[in-house]
Structures are given as C-alpha cells and as structure tokens.
file data37.csv (CSV, C-alpha atoms)
chain,number,residue,atom,x,y,z
K,124,MET,CA,15.8,-29.0,4.3
K,125,SER,CA,18.9,-26.9,3.8
K,126,SER,CA,21.9,-26.0,5.8
K,127,PRO,CA,22.2,-22.5,7.1
K,128,ASP,CA,25.0,-21.7,4.7
K,129,ALA,CA,22.6,-22.4,1.8
K,130,ILE,CA,20.6,-19.3,2.9
K,131,LYS,CA,21.6,-15.9,1.5
K,132,ILE,CA,19.9,-12.6,2.1
K,133,GLU,CA,20.6,-9.7,-0.2
K,134,VAL,CA,19.1,-6.6,-1.6
K,135,GLU,CA,17.6,-7.4,-5.0
K,136,SER,CA,15.4,-5.8,-7.6
K,137,PRO,CA,11.7,-6.9,-7.3
K,138,LEU,CA,11.6,-7.0,-11.1
K,139,SER,CA,13.3,-10.3,-11.8
K,140,SER,CA,10.9,-13.1,-13.0
K,141,ASP,CA,11.3,-15.1,-9.8
K,142,MET,CA,10.6,-12.1,-7.6
K,143,ARG,CA,7.6,-11.1,-9.7
K,144,ASP,CA,6.3,-14.6,-9.2
K,145,MET,CA,6.8,-14.4,-5.4
K,146,ILE,CA,5.2,-11.0,-5.2
K,147,THR,CA,2.2,-12.2,-7.2
K,148,GLU,CA,1.9,-15.2,-4.9
K,149,LEU,CA,2.1,-12.9,-1.8
K,150,ASN,CA,-0.6,-10.6,-3.2
K,151,ALA,CA,-2.8,-13.6,-3.9
K,152,VAL,CA,-2.3,-14.8,-0.3
K,153,LEU,CA,-3.1,-11.4,1.2
K,154,GLY,CA,-6.1,-11.0,-1.1
K,155,SER,CA,-7.5,-14.3,0.3
K,156,LEU,CA,-7.0,-13.2,3.9
K,157,THR,CA,-7.9,-9.5,3.8
K,158,PRO,CA,-10.9,-7.6,2.3
K,159,GLU,CA,-9.9,-5.5,-0.7
K,160,GLU,CA,-10.5,-2.2,1.2
K,161,ALA,CA,-7.9,-3.1,3.8
K,162,ASN,CA,-5.4,-4.7,1.5
K,163,TYR,CA,-2.3,-2.5,0.9
K,164,SER,CA,-0.4,-4.7,-1.5
K,165,MET,CA,2.3,-3.4,-3.8
K,166,THR,CA,3.2,-4.7,-7.2
K,167,ALA,CA,6.7,-5.5,-8.2
K,168,ASP,CA,6.8,-2.3,-10.2
K,169,GLU,CA,5.7,-0.2,-7.2
K,170,MET,CA,8.4,-1.8,-5.1
K,171,ALA,CA,11.1,-1.0,-7.6
K,172,GLY,CA,11.4,2.8,-6.8
K,173,PRO,CA,14.3,4.3,-4.9
K,174,GLU,CA,12.2,4.8,-1.8
K,175,THR,CA,12.0,1.0,-1.3
K,176,THR,CA,14.8,-1.5,-0.6
K,177,VAL,CA,13.8,-5.1,-1.1
K,178,PHE,CA,15.6,-7.9,0.8
K,179,VAL,CA,15.3,-11.4,-0.6
K,180,ALA,CA,16.2,-14.6,1.2
K,181,ARG,CA,17.3,-17.3,-1.2
K,182,VAL,CA,17.6,-20.9,-0.2
K,183,ASP,CA,19.7,-23.0,-2.5
K,184,GLU,CA,19.4,-20.0,-4.9
K,185,LYS,CA,15.6,-20.1,-5.0
K,186,ALA,CA,13.6,-17.0,-3.9
K,187,ALA,CA,12.1,-18.2,-0.5
K,188,ALA,CA,11.2,-15.0,1.3
K,189,CYS,CA,11.2,-11.2,1.1
K,190,GLY,CA,10.7,-8.1,3.1
K,191,ALA,CA,11.2,-4.4,2.3
K,192,LEU,CA,12.0,-1.1,3.9
K,193,HIS,CA,9.9,1.8,2.4
K,194,ARG,CA,11.2,5.3,3.2
K,195,HIS,CA,8.9,8.1,4.3
K,196,PRO,CA,9.6,11.7,5.2
K,197,GLY,CA,10.4,12.6,8.8
K,198,GLY,CA,12.8,9.8,9.6
K,199,ILE,CA,10.1,7.1,9.3
K,200,GLY,CA,10.8,3.7,7.7
K,201,GLU,CA,7.9,1.4,7.0
K,202,LEU,CA,8.2,-2.4,6.9
K,203,LYS,CA,6.4,-3.8,3.8
K,204,ARG,CA,6.0,-7.0,1.9
K,205,PHE,CA,7.2,-9.5,4.4
K,206,TYR,CA,6.5,-13.0,3.1
K,207,VAL,CA,7.9,-16.5,3.4
K,208,ARG,CA,6.8,-19.1,0.9
K,209,PRO,CA,5.1,-22.1,2.5
K,210,GLY,CA,7.9,-24.6,1.7
K,211,TYR,CA,10.5,-22.4,3.5
K,212,ARG,CA,8.7,-21.6,6.7
K,213,ARG,CA,10.2,-22.4,10.1
K,214,LEU,CA,13.8,-21.6,8.9
K,215,GLY,CA,13.8,-18.2,10.5
K,216,LEU,CA,13.9,-16.4,7.2
K,217,ALA,CA,11.4,-13.6,8.2
K,218,ARG,CA,13.4,-12.9,11.4
K,219,LEU,CA,16.7,-12.8,9.3
K,220,ILE,CA,15.1,-10.4,6.8
K,221,LEU,CA,13.7,-8.2,9.6
K,222,HIS,CA,17.2,-8.0,11.1
K,223,HIS,CA,18.6,-6.8,7.8
K,224,VAL,CA,15.8,-4.2,7.4
K,225,MET,CA,16.3,-2.9,10.9
K,226,ALA,CA,20.0,-2.7,10.5
K,227,ARG,CA,19.5,-0.7,7.2
K,228,ALA,CA,17.1,1.6,9.0
K,229,VAL,CA,19.7,2.3,11.7
K,230,ASP,CA,22.5,2.8,9.1
K,231,GLU,CA,20.3,5.3,7.3
K,232,GLY,CA,19.4,7.2,10.5
K,233,PHE,CA,15.7,6.5,10.7
K,234,ALA,CA,14.2,7.4,14.0
K,235,GLU,CA,11.2,5.1,13.9
K,236,LEU,CA,10.0,2.0,12.1
K,237,VAL,CA,6.3,1.4,11.6
K,238,LEU,CA,4.1,-1.1,9.9
K,239,GLU,CA,0.5,-2.2,9.1
K,240,THR,CA,-0.4,-5.9,9.1
K,241,GLY,CA,-3.6,-7.9,9.0
K,242,HIS,CA,-5.5,-8.5,12.2
K,243,ASN,CA,-5.5,-12.3,11.4
K,244,TYR,CA,-1.8,-12.6,10.4
K,245,ASP,CA,-0.7,-14.2,13.7
K,246,ALA,CA,2.8,-15.3,12.6
K,247,ALA,CA,3.6,-11.7,11.4
K,248,ARG,CA,2.3,-10.2,14.6
K,249,GLN,CA,4.4,-12.6,16.7
K,250,LEU,CA,7.5,-11.8,14.5
K,251,TYR,CA,7.1,-8.0,15.1
K,252,GLU,CA,6.2,-8.2,18.8
K,253,ASN,CA,9.3,-10.5,19.4
K,254,ALA,CA,11.4,-7.8,17.7
K,255,GLY,CA,10.2,-5.1,20.1
K,256,PHE,CA,7.5,-3.5,18.0
K,257,VAL,CA,4.5,-2.2,20.0
K,258,GLU,CA,1.0,-2.1,18.9
K,259,CYS,CA,-0.2,1.5,18.3
K,260,GLY,CA,-2.9,3.5,16.4
K,261,PRO,CA,-2.9,4.0,12.7
K,262,VAL,CA,0.5,5.1,11.2
K,263,LEU,CA,1.3,7.2,8.2
K,264,ASP,CA,-1.8,7.7,6.1
K,265,TYR,CA,-3.5,4.3,6.9
K,266,PRO,CA,-7.1,4.6,8.0
K,267,GLU,CA,-8.4,3.0,11.2
K,268,SER,CA,-9.7,-0.5,10.3
K,269,PRO,CA,-10.9,-3.6,12.1
K,270,TYR,CA,-8.7,-5.6,9.6
K,271,SER,CA,-5.5,-3.8,10.4
K,272,VAL,CA,-3.1,-3.8,13.3
K,273,PHE,CA,-0.4,-1.1,13.5
K,274,TYR,CA,3.0,-1.3,15.1
K,275,SER,CA,5.9,1.1,15.8
K,276,ARG,CA,9.4,0.8,17.2
K,277,PRO,CA,12.2,3.3,17.6
K,278,THR,CA,15.4,2.3,15.9
K,279,LYS,CA,18.3,1.3,18.1
K,280,ALA,CA,20.0,4.6,17.2
K,281,HIS,CA,17.0,6.5,18.7
K,282,GLN,CA,16.0,4.3,21.6
K,283,GLU,CA,16.3,5.9,25.0
K,284,THR,CA,18.9,4.3,27.2

call {"tool": "encode", "arguments": {"input": "data37.csv", "output": "structure tokens"}}
result
Amino acid sequence: MSSPDAIKIEVESPLSSDMRDMITELNAVLGSLTPEEANYSMTADEMAGPETTVFVARVDEKAAACGALHRHPGGIGELKRFYVRPGYRRLGLARLILHHVMARAVDEGFAELVLETGHNYDAARQLYENAGFVECGPVLDYPESPYSVFYSRPTKAHQET
C-alpha cells in the first residue's frame, strides 16, 4: 500500500471533519459489537478536552488510525479510542500509536496505564497483551461486565527493576 515514510503520527484535534468522520465510524463499529450498556464511546467533542490527547496516524495524509491518552487523578492514564480503519490494517498503526501514547505517559510522569476493551475485540487484546498490559479487575469507575476486559500496566518510569 504505502511506504513507511508515508505514515505520520501526530497529536491532532478530534474536531476536524476527517477526524469526526473516523470517530463516527469507530462509534458505529463499537456499537455493532458491544451492547449499549457496555459501550463507553466518546464523541469528538468529548475527546477535545485538555484531559485527552488524541494521536492520529495518517497514511498519505489520510486519517487512518487513532488512539488517545485520557488523564485521571492519581497518576493514572487511560488508553481510549484505539481504532484502525479497515483499509489500513496490518500496517502496525495501532502499535505505533500505542508507543506514542505510552511515551507521552512516561514523559508526563504517569504511574500506571489502564484500559477497558470489549471481550470480543481480539486484535485489541492482542495489541495490549503484546505491549505488557496484564488483565485485571475493573479499573477507574467502570462496572464489572461480561462484555468488558480490563488491563493495566505500570509505565516504564514506574516499573520495578
């Protein structure tokens, strides 16, 4: 498809028209896979606050993937909104975005990263497990649910050596 130098990952506003389109697409996909009571989607407007940093992968200048770091009190960062559009899968974009999110968390001094993902999102679960996340009980204020799987991982700055 594209050469690696055609891929750029940067922090962007979720409010541009192409990002709004991708977030709407993401929400539709999640809505088709997860019951409403276990779907923790965010709109572009909800992602635009100062507590959330959105990373966007562009391939040939087209929005291809996204992922975000959402800040919580107590040194906890939450991974949110990871998505790769179907035409751009298998390029390693989610892994690249995850690397950027984790680096930002270390730079900002977070002690721990956590996330909630769907029980049937196999690609997401593999991504997080390959990056050293460990399955755990509910995190933050998420309820226990048969549709959710929770993960946590200390940041590199806070891992025991």

call {"tool": "closest_residue", "arguments": {"input": "data37.csv", "among": "K:Leu156, K:Ile199, K:Ile220, K:Met142", "to": "Leu250 (chain K)", "atoms": "only C-alpha atoms"}}
result
K:Ile220

call {"tool": "atom_distance", "arguments": {"input": "data37.csv", "atom1": "CA of Asp264 (chain K)", "atom2": "CA of Leu216 (chain K)"}}
result
28.8 Å

call {"tool": "residues_around", "arguments": {"input": "data37.csv", "residues": "Tyr265 (chain K)", "least_positions_apart": "4", "cutoff": "10 Å", "atoms": "all atoms listed in the file", "output": "count of residues only"}}
result
8

call {"tool": "atom_distance", "arguments": {"input": "data37.csv", "atom1": "CA of Thr157 (chain K)", "atom2": "CA of Asn243 (chain K)"}}
result
8.4 Å

call {"tool": "atom_distance", "arguments": {"input": "data37.csv", "atom1": "CA of Glu201 (chain K)", "atom2": "CA of Ala234 (chain K)"}}
result
11.2 Å

call {"tool": "residues_around", "arguments": {"input": "data37.csv", "residues": "Val179 (chain K)", "least_positions_apart": "6", "cutoff": "9 Å", "atoms": "all atoms listed in the file", "output": "VMD selection string"}}
result
chain K and resid 131 to 137 142 186 to 191 220

call {"tool": "residues_around", "arguments": {"input": "data37.csv", "residues": "Gly232 (chain K)", "least_positions_apart": "3", "cutoff": "10 Å", "atoms": "only C-alpha atoms", "output": "count of residues only"}}
result
12

call {"tool": "closest_residue", "arguments": {"input": "data37.csv", "among": "K:Leu202, K:Ala151, K:His242, K:Arg248", "to": "Pro269 (chain K)", "atoms": "all atoms listed in the file"}}
result
K:His242

call {"tool": "residues_around", "arguments": {"input": "data37.csv", "residues": "Phe256 (chain K)", "least_positions_apart": "3", "cutoff": "10 Å", "atoms": "only C-alpha atoms", "output": "ChimeraX atom specification"}}
result
/K:236-238,248-253,259,273-277

call {"tool": "closest_residue", "arguments": {"input": "data37.csv", "among": "K:Ser155, K:Ile146, K:Ala254, K:Tyr211", "to": "Arg181 (chain K)", "atoms": "all atoms listed in the file"}}
result
K:Tyr211
